[in-house]
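Undergrad: Quick one: the structure is below, questions incoming.
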Amino acid sequence: MRQEKPGVLLVNLGTPEAPTTAAVKRYLKQFLGDPRVVDTPRWLWWPILNFIIVPFRSPRVSKLYASVWMEEGSPLMVFSKRQRAALAQRLDMPVELGMSYGQPSLDGAVQRLLAQGVTKLIVLPLYPQFSCSTVAAVWDGLAASFKPLRSLPEVAFIRDYAEHPAYIAALKASVERSFAQHGEPDLLVLSFHGIPQRFANEGDDYPLRCKDTTDALAAALGIAPHKIMMTFQSRFGREPWLMPYTDETMKSLPAKGIKHVQVMSPGFAADCLETLEEISGENCEIFLHAGGEKFEYIPALNADDEHIDMMVQLVNARR
């Protein structure tokens with residue numbers, strides 16, 4: 001008789017293995033080479049990526065990574081490993097970490113789980129709001145891992161958790177800690193990673209899921225509508241992305257009398273280059289240079305107890 005054994009696959013985007021030009025080149029080629037991320041026809045995109053984007057972008061990006069690199073490694077990897085360890089302590093089943101791009105690979109994580117006799121994969125992509133460019137890429141990676149197998153495990157795939165009560169409670173606790181430490185700001189900005197507007201026009205419900213998170217958090221905080229707003233960061237390329245853009249918003253706020261802001265990025269389950277350098281660094285400078293007086297970045301949930309509690313609830317609901 002088949003013995004049922006569940007296991008958890010945590011998945012995040014990935015990171016270069018070192019803050020070097022060579023490591024960043026390897027990472028960008030894999031990341032930006034995924035049609036889920038950039039869907040430009042391959043015949044056109046391949047030479048642009050390999051002869052323009054990767055050679056010219058990698059040296060600059062490697063310096064940005066070096067500015068946030070931790071003693072233990074890339075922030076995303078450090079916090080993701082802590083999340084895996086904390087979740088494994090709370091569950092009576094195997095837990096593995098895989099990345100869509102780079103190491104540890106998603107395929108390697110799947111193979112490690114199957115080697116432990118796992119017959120049911122509970123897949124938790126650490127993207128609170130679904131997007132075709134992130135969550136769907138995890139599905140693609142799973143399908144590729146399964147292709148050579150003769151026997152497949154059962155799969156419980158967690159599409160997203162944009163308004164899960166435990167997720168909203170964890171965000172609320174994080175915001176309240178920041179308010180208590182720094183005072184309540186003129187405006188709380190929720191900066192989500194952007195996607196091309198075209199993706200949303202073609203059916204990606206990501207902006208709706210971001211709004212679901214924003215509305216649920218605003219209700220939980222009991223904050224006035226004019227004191228919270230949603231923006232989008234990290235645009236890439238020339239076509240229109242979701243608006244309003246975070247950097248342009250930061251530039252415009254002081255002229256409107258908003259001198260104190262706090263910014264969080266609820267779409268990131270772990271702090272990374274996009275939060276630590278782009279938000280806490282670059283966008284802070286933009287705001288202060290434009291006449292702002294106080295800027296605080298509210299860290300990602302990382303391995304906070306409330307965050308791990310949420311993961312436990314998500315997993316136990318599907319075991």
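By convention here, the chains of the structure tokens are called A, B, ... in the order presented, each chain's residues are numbered starting at 1, and ligands are numbered starting at 1 in the order presented.
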Determine, counting only C-alpha atoms, which protein, DNA and RNA residues have an atom within 12 Å of an atom of Val263 (chain A); residues of the same chain fewer than 5 positions away are not included. Present the result as a ChimeraX atom specification.
TA: /A:174-175,178-179,184-192,227-233,246-247,249-250,275-276,278-281,283-284,287,294-300
Undergrad: Could you please take those selected residues and save N, CA and C atoms as a tab-separated table (two decimals), in the first residue's frame?
TA:
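To be explicit, this is the file written out as out35.tsv:
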chain	number	residue	atom	x	y	z
A	174	SER	N	3.79	44.58	11.61
A	174	SER	CA	5.02	45.22	11.16
A	174	SER	C	4.85	46.73	11.05
A	175	VAL	N	3.72	47.15	10.47
A	175	VAL	CA	3.45	48.59	10.33
A	175	VAL	C	3.31	49.23	11.71
A	178	SER	N	6.57	49.89	13.33
A	178	SER	CA	7.26	51.04	12.72
A	178	SER	C	6.64	52.36	13.19
A	179	PHE	N	5.32	52.41	13.25
A	179	PHE	CA	4.64	53.62	13.72
A	179	PHE	C	5.04	53.93	15.16
A	184	GLU	N	3.67	58.13	13.55
A	184	GLU	CA	2.82	57.89	12.39
A	184	GLU	C	3.16	58.88	11.28
A	185	PRO	N	3.41	58.40	10.06
A	185	PRO	CA	3.82	59.29	8.98
A	185	PRO	C	2.64	60.03	8.36
A	186	ASP	N	2.95	61.00	7.52
A	186	ASP	CA	1.91	61.66	6.73
A	186	ASP	C	1.28	60.68	5.76
A	187	LEU	N	2.09	59.72	5.29
A	187	LEU	CA	1.60	58.78	4.28
A	187	LEU	C	2.33	57.45	4.41
A	188	LEU	N	1.57	56.36	4.35
A	188	LEU	CA	2.13	55.01	4.28
A	188	LEU	C	2.03	54.56	2.83
A	189	VAL	N	3.18	54.28	2.23
A	189	VAL	CA	3.24	53.88	0.83
A	189	VAL	C	3.51	52.38	0.74
A	190	LEU	N	2.65	51.67	0.02
A	190	LEU	CA	2.86	50.25	-0.24
A	190	LEU	C	3.39	50.13	-1.66
A	191	SER	N	4.67	49.80	-1.79
A	191	SER	CA	5.33	49.74	-3.09
A	191	SER	C	5.47	48.29	-3.53
A	192	PHE	N	4.73	47.92	-4.56
A	192	PHE	CA	4.77	46.56	-5.10
A	192	PHE	C	5.67	46.53	-6.33
A	227	LYS	N	-4.22	58.49	3.83
A	227	LYS	CA	-2.92	58.27	4.48
A	227	LYS	C	-2.24	56.97	4.05
A	228	ILE	N	-2.78	56.33	3.01
A	228	ILE	CA	-2.17	55.10	2.50
A	228	ILE	C	-2.33	55.10	0.98
A	229	MET	N	-1.29	54.65	0.27
A	229	MET	CA	-1.41	54.56	-1.18
A	229	MET	C	-0.57	53.42	-1.72
A	230	MET	N	-0.91	52.96	-2.92
A	230	MET	CA	-0.25	51.84	-3.57
A	230	MET	C	0.54	52.36	-4.77
A	231	THR	N	1.82	51.95	-4.88
A	231	THR	CA	2.64	52.33	-6.03
A	231	THR	C	3.36	51.08	-6.55
A	232	PHE	N	4.07	51.25	-7.67
A	232	PHE	CA	4.77	50.13	-8.30
A	232	PHE	C	6.19	50.53	-8.65
A	233	GLN	N	7.13	49.64	-8.35
A	233	GLN	CA	8.55	49.91	-8.49
A	233	GLN	C	9.19	48.98	-9.52
A	246	THR	N	6.71	54.23	-8.20
A	246	THR	CA	7.18	54.60	-6.85
A	246	THR	C	8.14	55.79	-6.90
A	247	ASP	N	9.13	55.74	-7.79
A	247	ASP	CA	10.14	56.81	-7.79
A	247	ASP	C	9.53	58.16	-8.15
A	249	THR	N	6.46	59.02	-7.67
A	249	THR	CA	5.62	59.40	-6.53
A	249	THR	C	6.47	60.04	-5.44
A	250	MET	N	7.61	59.44	-5.12
A	250	MET	CA	8.49	59.99	-4.09
A	250	MET	C	8.94	61.41	-4.45
A	275	THR	N	14.34	45.96	-2.36
A	275	THR	CA	13.86	46.66	-1.16
A	275	THR	C	14.98	47.42	-0.48
A	276	LEU	N	16.12	46.78	-0.31
A	276	LEU	CA	17.20	47.39	0.47
A	276	LEU	C	17.95	48.48	-0.28
A	278	GLU	N	16.89	49.69	-3.73
A	278	GLU	CA	15.99	50.53	-4.52
A	278	GLU	C	15.06	51.38	-3.65
A	279	ILE	N	14.46	50.77	-2.63
A	279	ILE	CA	13.52	51.53	-1.79
A	279	ILE	C	14.26	52.25	-0.66
A	280	SER	N	14.93	51.50	0.21
A	280	SER	CA	15.58	52.11	1.37
A	280	SER	C	16.71	53.05	0.99
A	281	GLY	N	17.32	52.81	-0.17
A	281	GLY	CA	18.41	53.67	-0.62
A	281	GLY	C	17.97	54.70	-1.64
A	283	ASN	N	15.09	55.39	-3.40
A	283	ASN	CA	13.85	56.15	-3.26
A	283	ASN	C	13.85	57.05	-2.03
A	284	CYS	N	14.57	56.66	-1.01
A	284	CYS	CA	14.76	57.55	0.14
A	284	CYS	C	15.47	58.82	-0.30
A	287	PHE	N	13.16	61.12	-2.33
A	287	PHE	CA	12.18	61.82	-1.48
A	287	PHE	C	12.84	62.98	-0.71
A	294	LYS	N	11.41	63.11	6.47
A	294	LYS	CA	11.61	61.83	7.16
A	294	LYS	C	11.14	60.69	6.26
A	295	PHE	N	12.00	59.69	6.12
A	295	PHE	CA	11.69	58.52	5.28
A	295	PHE	C	12.12	57.28	6.06
A	296	GLU	N	11.21	56.37	6.28
A	296	GLU	CA	11.57	55.09	6.90
A	296	GLU	C	11.09	53.95	6.02
A	297	TYR	N	11.96	52.97	5.84
A	297	TYR	CA	11.59	51.74	5.15
A	297	TYR	C	11.17	50.70	6.19
A	298	ILE	N	10.01	50.10	6.01
A	298	ILE	CA	9.53	49.04	6.89
A	298	ILE	C	9.99	47.71	6.31
A	299	PRO	N	10.83	46.96	7.00
A	299	PRO	CA	11.41	45.74	6.43
A	299	PRO	C	10.35	44.72	6.00
A	300	ALA	N	10.76	43.85	5.08
A	300	ALA	CA	9.92	42.72	4.69
A	300	ALA	C	9.68	41.82	5.90
Undergrad: For the contact check between region 18-87 of chain A and region 105-119 of chain A, emit one row per residue of region 18-87 of chain A within 12 Å, containing the shortest atom pair and the distance in Å rounded to one decimal, counting only C-alpha atoms, chain then rising number order, as CSV.
TA:
residue,atom,partner,partner_atom,distance
A:Tyr27,CA,A:Ser105,CA,11.9
A:Gln30,CA,A:Ser105,CA,11.7
A:Arg84,CA,A:Ala109,CA,11.8
Undergrad: Can you measure CA of Ala162 (chain A) to CA of Pro16 (chain A) for me? One decimal in Å is fine.
TA: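 Computing it gives 27.2 Å between the two atoms.
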Undergrad: I'd like the neighbourhood of Arg238 (chain A) as a PyMOL selection string, where a residue qualifies if any of its atoms comes within 10 Å (using only C-alpha atoms), though same-chain residues fewer than 3 positions away should be ignored.
TA: chain A and resi 196+235+241
Undergrad: If you run DSSP on this backbone, which residues of region 237-307 of chain A come out as helix (DSSP H, G or I), and could you give them as a PyMOL selection string?
TA: chain A and resi 246-252+254-256+273-289+305-307
Undergrad: Could you turn the residues from that selection into a file that holds N, CA and C atoms, as an mmCIF file, in the first residue's frame?
TA:
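Result went into part-v7.cif, see below:
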data_model
loop_
_atom_site.group_PDB
_atom_site.id
_atom_site.type_symbol
_atom_site.label_atom_id
_atom_site.label_comp_id
_atom_site.auth_asym_id
_atom_site.auth_seq_id
_atom_site.Cartn_x
_atom_site.Cartn_y
_atom_site.Cartn_z
ATOM 1 N N THR A 246 6.710 54.231 -8.196
ATOM 2 C CA THR A 246 7.179 54.599 -6.853
ATOM 3 C C THR A 246 8.140 55.785 -6.896
ATOM 4 N N ASP A 247 9.131 55.745 -7.788
ATOM 5 C CA ASP A 247 10.141 56.809 -7.787
ATOM 6 C C ASP A 247 9.529 58.159 -8.146
ATOM 7 N N GLU A 248 8.640 58.189 -9.117
ATOM 8 C CA GLU A 248 8.008 59.450 -9.489
ATOM 9 C C GLU A 248 7.082 59.952 -8.377
ATOM 10 N N THR A 249 6.458 59.017 -7.671
ATOM 11 C CA THR A 249 5.619 59.398 -6.527
ATOM 12 C C THR A 249 6.469 60.039 -5.441
ATOM 13 N N MET A 250 7.608 59.435 -5.120
ATOM 14 C CA MET A 250 8.486 59.990 -4.093
ATOM 15 C C MET A 250 8.940 61.408 -4.450
ATOM 16 N N LYS A 251 9.183 61.632 -5.729
ATOM 17 C CA LYS A 251 9.633 62.938 -6.189
ATOM 18 C C LYS A 251 8.539 64.002 -6.037
ATOM 19 N N SER A 252 7.269 63.572 -6.164
ATOM 20 C CA SER A 252 6.157 64.536 -6.179
ATOM 21 C C SER A 252 5.547 64.809 -4.805
ATOM 22 N N PRO A 254 6.663 65.687 -1.602
ATOM 23 C CA PRO A 254 6.962 66.856 -0.766
ATOM 24 C C PRO A 254 6.257 68.131 -1.222
ATOM 25 N N ALA A 255 6.099 68.317 -2.525
ATOM 26 C CA ALA A 255 5.415 69.516 -3.033
ATOM 27 C C ALA A 255 3.940 69.533 -2.648
ATOM 28 N N LYS A 256 3.423 68.353 -2.261
ATOM 29 C CA LYS A 256 2.020 68.261 -1.838
ATOM 30 C C LYS A 256 1.881 68.380 -0.324
ATOM 31 N N LEU A 273 17.566 43.059 -3.107
ATOM 32 C CA LEU A 273 18.094 44.251 -3.766
ATOM 33 C C LEU A 273 17.003 45.295 -3.991
ATOM 34 N N GLU A 274 15.815 44.843 -4.408
ATOM 35 C CA GLU A 274 14.741 45.765 -4.742
ATOM 36 C C GLU A 274 14.181 46.502 -3.532
ATOM 37 N N THR A 275 14.339 45.955 -2.363
ATOM 38 C CA THR A 275 13.860 46.655 -1.164
ATOM 39 C C THR A 275 14.982 47.418 -0.476
ATOM 40 N N LEU A 276 16.124 46.782 -0.311
ATOM 41 C CA LEU A 276 17.197 47.385 0.475
ATOM 42 C C LEU A 276 17.946 48.477 -0.285
ATOM 43 N N GLU A 277 18.151 48.294 -1.580
ATOM 44 C CA GLU A 277 18.856 49.313 -2.356
ATOM 45 C C GLU A 277 17.875 50.260 -3.046
ATOM 46 N N GLU A 278 16.885 49.694 -3.730
ATOM 47 C CA GLU A 278 15.987 50.534 -4.521
ATOM 48 C C GLU A 278 15.057 51.378 -3.654
ATOM 49 N N ILE A 279 14.463 50.771 -2.629
ATOM 50 C CA ILE A 279 13.525 51.527 -1.791
ATOM 51 C C ILE A 279 14.258 52.252 -0.664
ATOM 52 N N SER A 280 14.934 51.504 0.207
ATOM 53 C CA SER A 280 15.576 52.111 1.366
ATOM 54 C C SER A 280 16.712 53.053 0.988
ATOM 55 N N GLY A 281 17.320 52.813 -0.172
ATOM 56 C CA GLY A 281 18.411 53.673 -0.622
ATOM 57 C C GLY A 281 17.965 54.705 -1.637
ATOM 58 N N GLU A 282 17.740 54.259 -2.865
ATOM 59 C CA GLU A 282 17.466 55.163 -3.983
ATOM 60 C C GLU A 282 16.213 56.019 -3.770
ATOM 61 N N ASN A 283 15.093 55.386 -3.395
ATOM 62 C CA ASN A 283 13.851 56.153 -3.264
ATOM 63 C C ASN A 283 13.855 57.054 -2.034
ATOM 64 N N CYS A 284 14.571 56.662 -1.007
ATOM 65 C CA CYS A 284 14.763 57.550 0.143
ATOM 66 C C CYS A 284 15.470 58.824 -0.302
ATOM 67 N N GLU A 285 16.541 58.676 -1.090
ATOM 68 C CA GLU A 285 17.282 59.845 -1.585
ATOM 69 C C GLU A 285 16.400 60.732 -2.455
ATOM 70 N N ILE A 286 15.592 60.123 -3.306
ATOM 71 C CA ILE A 286 14.700 60.897 -4.181
ATOM 72 C C ILE A 286 13.747 61.738 -3.348
ATOM 73 N N PHE A 287 13.157 61.122 -2.325
ATOM 74 C CA PHE A 287 12.181 61.820 -1.477
ATOM 75 C C PHE A 287 12.838 62.976 -0.714
ATOM 76 N N LEU A 288 13.977 62.705 -0.103
ATOM 77 C CA LEU A 288 14.650 63.742 0.688
ATOM 78 C C LEU A 288 15.179 64.864 -0.216
ATOM 79 N N HIS A 289 15.678 64.527 -1.373
ATOM 80 C CA HIS A 289 16.183 65.534 -2.303
ATOM 81 C C HIS A 289 15.064 66.445 -2.805
ATOM 82 N N ASP A 305 8.161 35.840 13.359
ATOM 83 C CA ASP A 305 7.291 34.765 13.857
ATOM 84 C C ASP A 305 5.920 34.790 13.191
ATOM 85 N N GLU A 306 5.362 35.999 13.003
ATOM 86 C CA GLU A 306 4.027 36.103 12.398
ATOM 87 C C GLU A 306 4.032 35.589 10.955
ATOM 88 N N HIS A 307 5.148 35.780 10.270
ATOM 89 C CA HIS A 307 5.272 35.321 8.885
ATOM 90 C C HIS A 307 5.333 33.800 8.828
#
Undergrad: Apply DSSP to the backbone of this structure and, from region 94-289 of chain A, keep only the residues in strand (DSSP E or B); write these as a count of residues only.
TA: 39
Undergrad: What does the distance from CA of Met77 (chain A) to CA of Phe236 (chain A) come to in Å, to one decimal?
TA: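 One can read the CA of Met77 (chain A) to CA of Phe236 (chain A) distance as 23.0 Å.
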Undergrad: Which residues are close to Arg82 (chain A), i.e. within 12 Å by only C-alpha atoms, leaving aside same-chain residues fewer than 5 positions away? Reply as an NGL selection string.
TA: :A and (10 or 72 or 75-77 or 87-89 or 95-97 or 269-270 or 301-305 or 307-308)
Undergrad: Write out as number ranges by chain the residues lying within 8 Å of Lys25 (chain A), counting only C-alpha atoms and excluding same-chain residues fewer than 5 positions away.
TA: A: 54-55, 58
Undergrad: Identify which of the residues A:Tyr65, A:Tyr245, A:Phe56, A:Phe51 lies closest to Ala23 (chain A), counting only C-alpha atoms when measuring atom-to-atom distances.
TA: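 Among the listed residues, the smallest separation from Ala23 (chain A) belongs to A:Tyr65.
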Undergrad: Work out how far apart CA of Asp212 (chain A) and CA of Pro225 (chain A) are and give it in Å to one decimal.
TA: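 So the two atoms, CA of Asp212 (chain A) and CA of Pro225 (chain A), lie 14.2 Å apart.
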Undergrad: Taking 6 positions as the minimum chain separation for residues in the same chain, which residues sit within 12 Å of Leu142 (chain A) when counting only C-alpha atoms? Answer as a PDB file with C-alpha atoms, in the first residue's frame.
TA:
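Below is the file that was written, out19.pdb:
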ATOM      1  CA  LEU A   9       8.616  23.240  -1.413  1.00  0.00           C
ATOM      2  CA  VAL A  11      10.140  28.879  -3.826  1.00  0.00           C
ATOM      3  CA  GLY A  98      14.273  26.159  -4.351  1.00  0.00           C
ATOM      4  CA  MET A  99      14.796  29.202  -6.558  1.00  0.00           C
ATOM      5  CA  SER A 100      13.293  29.797  -9.985  1.00  0.00           C
ATOM      6  CA  SER A 105      17.550  25.269  -8.023  1.00  0.00           C
ATOM      7  CA  LEU A 106      13.870  24.441  -7.985  1.00  0.00           C
ATOM      8  CA  ASP A 107      14.603  21.116  -9.697  1.00  0.00           C
ATOM      9  CA  GLY A 108      17.182  20.225  -7.051  1.00  0.00           C
ATOM     10  CA  ALA A 109      14.710  20.986  -4.275  1.00  0.00           C
ATOM     11  CA  VAL A 110      12.087  18.751  -5.925  1.00  0.00           C
ATOM     12  CA  GLN A 111      14.590  15.903  -6.264  1.00  0.00           C
ATOM     13  CA  LEU A 121       4.298  18.330  -2.747  1.00  0.00           C
ATOM     14  CA  ILE A 122       2.840  21.379  -1.040  1.00  0.00           C
ATOM     15  CA  VAL A 123       4.266  24.159  -3.184  1.00  0.00           C
ATOM     16  CA  LEU A 124       4.428  27.606  -1.593  1.00  0.00           C
ATOM     17  CA  PRO A 125       5.730  30.283  -3.967  1.00  0.00           C
ATOM     18  CA  VAL A 135       4.070  32.333  -9.754  1.00  0.00           C
ATOM     19  CA  ALA A 136       3.457  30.940 -13.235  1.00  0.00           C
ATOM     20  CA  PRO A 148      11.632  12.879 -16.893  1.00  0.00           C
ATOM     21  CA  LEU A 149       9.860  11.156 -13.980  1.00  0.00           C
ATOM     22  CA  LEU A 152       4.559  11.928 -10.154  1.00  0.00           C
ATOM     23  CA  PRO A 153       3.692  13.187  -6.676  1.00  0.00           C
ATOM     24  CA  GLU A 154       0.375  14.763  -5.840  1.00  0.00           C
ATOM     25  CA  VAL A 155       0.716  18.556  -5.962  1.00  0.00           C
ATOM     26  CA  ALA A 156      -1.006  21.154  -3.783  1.00  0.00           C
ATOM     27  CA  PHE A 157      -0.048  24.472  -5.379  1.00  0.00           C
TER      28      PHE A 157
END
Undergrad: Would you mind listing what lies within 8 Å of Thr134 (chain A) as an MDAnalysis selection string, with only C-alpha atoms counted and same-chain residues fewer than 3 positions away left out?
TA: chainID A and resid 13 36:37 127 130:131 137:138
Undergrad: Using only C-alpha atoms, which of the listed residues (A:Pro165, A:Gly33, A:Pro207, A:Gly102) sits closest to Trp45 (chain A)?
TA: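 Counting only C-alpha atoms, the residue closest to Trp45 (chain A) is A:Gly33.
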